[in-house]
Amino acid sequence: MLQEIQRKIIHFAIDLDIDSVNTYAGYKGDLIVKILTKNKEDVLKIRKYSLGVDAKEVVIKERLDTAQFELYCVTADDSVYTLR
């Protein structure tokens, strides 16, 4: 099940020039949205929006072999308990 922050990021990205969107469950219960695009301006727009809706972290990786940008938006999973 997608968390609300993930949904907001995906809805925002769908209107831009993206190649694909994937979601993953990451390490320590983090939820990850991976977005592929060739448009650098769209990467910066998605990064700014993601940080505005309280994403934990946003990582951009430029892949020179495919001329694409990989954007990873990390959010915390509300259903995972953590020890303090």
# chains A, B, ... in the order shown; residues from 1 in each chain; ligands from 1
>>> residues_around(residues="A:Phe69", least_positions_apart="2", cutoff="8 Å", atoms="only C-alpha atoms", output="CSV table (one decimal) with C-alpha atoms, in the first residue's frame")
chain,number,residue,atom,x,y,z
A,36,LEU,CA,13.6,7.9,-14.5
A,37,THR,CA,13.7,10.9,-16.8
A,38,LYS,CA,15.9,12.5,-19.4
A,39,ASN,CA,14.8,16.0,-18.5
A,40,LYS,CA,17.1,17.7,-15.9
A,43,VAL,CA,14.4,16.2,-12.0
A,60,ILE,CA,19.7,12.1,-7.9
A,61,LYS,CA,21.9,9.8,-9.9
A,62,GLU,CA,23.0,10.7,-13.5
A,63,ARG,CA,23.4,7.7,-15.7
A,67,ALA,CA,21.5,9.5,-20.7
A,71,LEU,CA,15.6,10.2,-8.8
>>> residues_around(residues="A:Asp54", least_positions_apart="2", cutoff="10 Å", atoms="only C-alpha atoms", output="VMD selection string")
chain A and resid 5 49 to 52 56 to 57 74 to 76
>>> write_last_selection(atoms="C-alpha atoms", output="mmCIF file, in the first residue's frame")
data_model
loop_
_atom_site.group_PDB
_atom_site.id
_atom_site.type_symbol
_atom_site.label_atom_id
_atom_site.label_comp_id
_atom_site.auth_asym_id
_atom_site.auth_seq_id
_atom_site.Cartn_x
_atom_site.Cartn_y
_atom_site.Cartn_z
ATOM 1 C CA ILE A 5 3.580 11.182 0.550
ATOM 2 C CA TYR A 49 8.296 19.136 -4.625
ATOM 3 C CA SER A 50 9.353 15.952 -2.801
ATOM 4 C CA LEU A 51 11.259 17.864 -0.147
ATOM 5 C CA GLY A 52 8.260 20.186 0.205
ATOM 6 C CA LYS A 56 13.128 12.067 4.208
ATOM 7 C CA GLU A 57 15.723 12.251 1.470
ATOM 8 C CA VAL A 74 12.795 8.165 0.309
ATOM 9 C CA THR A 75 9.928 8.327 2.813
ATOM 10 C CA ALA A 76 9.364 6.600 6.138
#
>>> select_by_dssp(residues="chain A", states="helix (DSSP H, G or I)", output="list of chain:residue names")
A:Glu4, A:Ile5, A:Gln6, A:Arg7, A:Lys8, A:Ile9, A:Ile10, A:His11, A:Phe12, A:Ala13, A:Ile14, A:Tyr27, A:Lys28, A:Gly29, A:Lys40, A:Glu41, A:Asp42, A:Val43, A:Leu44, A:Lys45, A:Ile46, A:Arg47, A:Lys48, A:Tyr49, A:Ser50, A:Leu51, A:Gly52
>>> write_last_selection(atoms="N, CA and C atoms", output="short mmCIF file (atom, residue, chain, number, x, y, z; two decimals), in the first residue's frame")
data_model
loop_
_atom_site.label_atom_id
_atom_site.label_comp_id
_atom_site.auth_asym_id
_atom_site.auth_seq_id
_atom_site.Cartn_x
_atom_site.Cartn_y
_atom_site.Cartn_z
N GLU A 4 0.77 8.19 1.73
CA GLU A 4 0.24 9.44 1.16
C GLU A 4 1.33 10.30 0.51
N ILE A 5 2.50 10.38 1.13
CA ILE A 5 3.58 11.18 0.55
C ILE A 5 4.02 10.60 -0.78
N GLN A 6 4.11 9.27 -0.87
CA GLN A 6 4.47 8.62 -2.13
C GLN A 6 3.45 8.95 -3.21
N ARG A 7 2.20 8.89 -2.87
CA ARG A 7 1.14 9.19 -3.84
C ARG A 7 1.25 10.61 -4.38
N LYS A 8 1.51 11.55 -3.48
CA LYS A 8 1.65 12.94 -3.90
C LYS A 8 2.82 13.11 -4.87
N ILE A 9 3.94 12.47 -4.58
CA ILE A 9 5.12 12.55 -5.44
C ILE A 9 4.82 11.94 -6.82
N ILE A 10 4.17 10.79 -6.83
CA ILE A 10 3.85 10.12 -8.10
C ILE A 10 2.86 10.95 -8.91
N HIS A 11 1.82 11.49 -8.27
CA HIS A 11 0.84 12.32 -8.98
C HIS A 11 1.51 13.55 -9.59
N PHE A 12 2.43 14.16 -8.87
CA PHE A 12 3.14 15.32 -9.38
C PHE A 12 4.02 14.94 -10.58
N ALA A 13 4.73 13.81 -10.47
CA ALA A 13 5.66 13.39 -11.52
C ALA A 13 4.96 12.94 -12.79
N ILE A 14 3.76 12.40 -12.67
CA ILE A 14 3.02 11.90 -13.84
C ILE A 14 2.78 13.00 -14.87
N TYR A 27 15.60 -0.41 2.84
CA TYR A 27 16.28 -0.82 4.05
C TYR A 27 15.68 -0.11 5.26
N LYS A 28 15.49 -0.82 6.35
CA LYS A 28 14.96 -0.30 7.62
C LYS A 28 13.54 0.25 7.48
N GLY A 29 12.76 -0.29 6.56
CA GLY A 29 11.37 0.11 6.46
C GLY A 29 11.11 1.38 5.69
N LYS A 40 16.46 17.26 -17.19
CA LYS A 40 17.07 17.73 -15.93
C LYS A 40 16.17 18.72 -15.20
N GLU A 41 15.45 19.56 -15.91
CA GLU A 41 14.56 20.52 -15.26
C GLU A 41 13.46 19.80 -14.47
N ASP A 42 12.94 18.71 -15.04
CA ASP A 42 11.91 17.94 -14.35
C ASP A 42 12.46 17.27 -13.09
N VAL A 43 13.71 16.84 -13.14
CA VAL A 43 14.35 16.24 -11.96
C VAL A 43 14.39 17.26 -10.82
N LEU A 44 14.78 18.48 -11.15
CA LEU A 44 14.86 19.52 -10.13
C LEU A 44 13.48 19.89 -9.59
N LYS A 45 12.46 19.90 -10.46
CA LYS A 45 11.09 20.19 -10.02
C LYS A 45 10.59 19.10 -9.06
N ILE A 46 10.82 17.85 -9.43
CA ILE A 46 10.38 16.72 -8.60
C ILE A 46 11.11 16.73 -7.26
N ARG A 47 12.41 17.03 -7.28
CA ARG A 47 13.19 17.09 -6.04
C ARG A 47 12.63 18.17 -5.12
N LYS A 48 12.40 19.34 -5.65
CA LYS A 48 11.87 20.45 -4.85
C LYS A 48 10.50 20.11 -4.27
N TYR A 49 9.63 19.51 -5.09
CA TYR A 49 8.30 19.14 -4.62
C TYR A 49 8.39 18.07 -3.54
N SER A 50 9.22 17.06 -3.75
CA SER A 50 9.35 15.95 -2.80
C SER A 50 9.82 16.44 -1.44
N LEU A 51 10.79 17.33 -1.42
CA LEU A 51 11.26 17.86 -0.15
C LEU A 51 10.20 18.75 0.50
N GLY A 52 9.34 19.36 -0.32
CA GLY A 52 8.26 20.19 0.21
C GLY A 52 7.14 19.40 0.86
#
>>> atom_distance(atom1="atom CA of A:Asp65", atom2="atom CA of A:Asp30")
28.0 Å
>>> select_by_dssp(residues="chain A", states="strand (DSSP E)", output="ChimeraX atom specification")
/A:20-25,30-37,57-63,68-76
>>> atom_distance(atom1="atom CA of A:Asp19", atom2="atom CA of A:Thr66")
11.8 Å
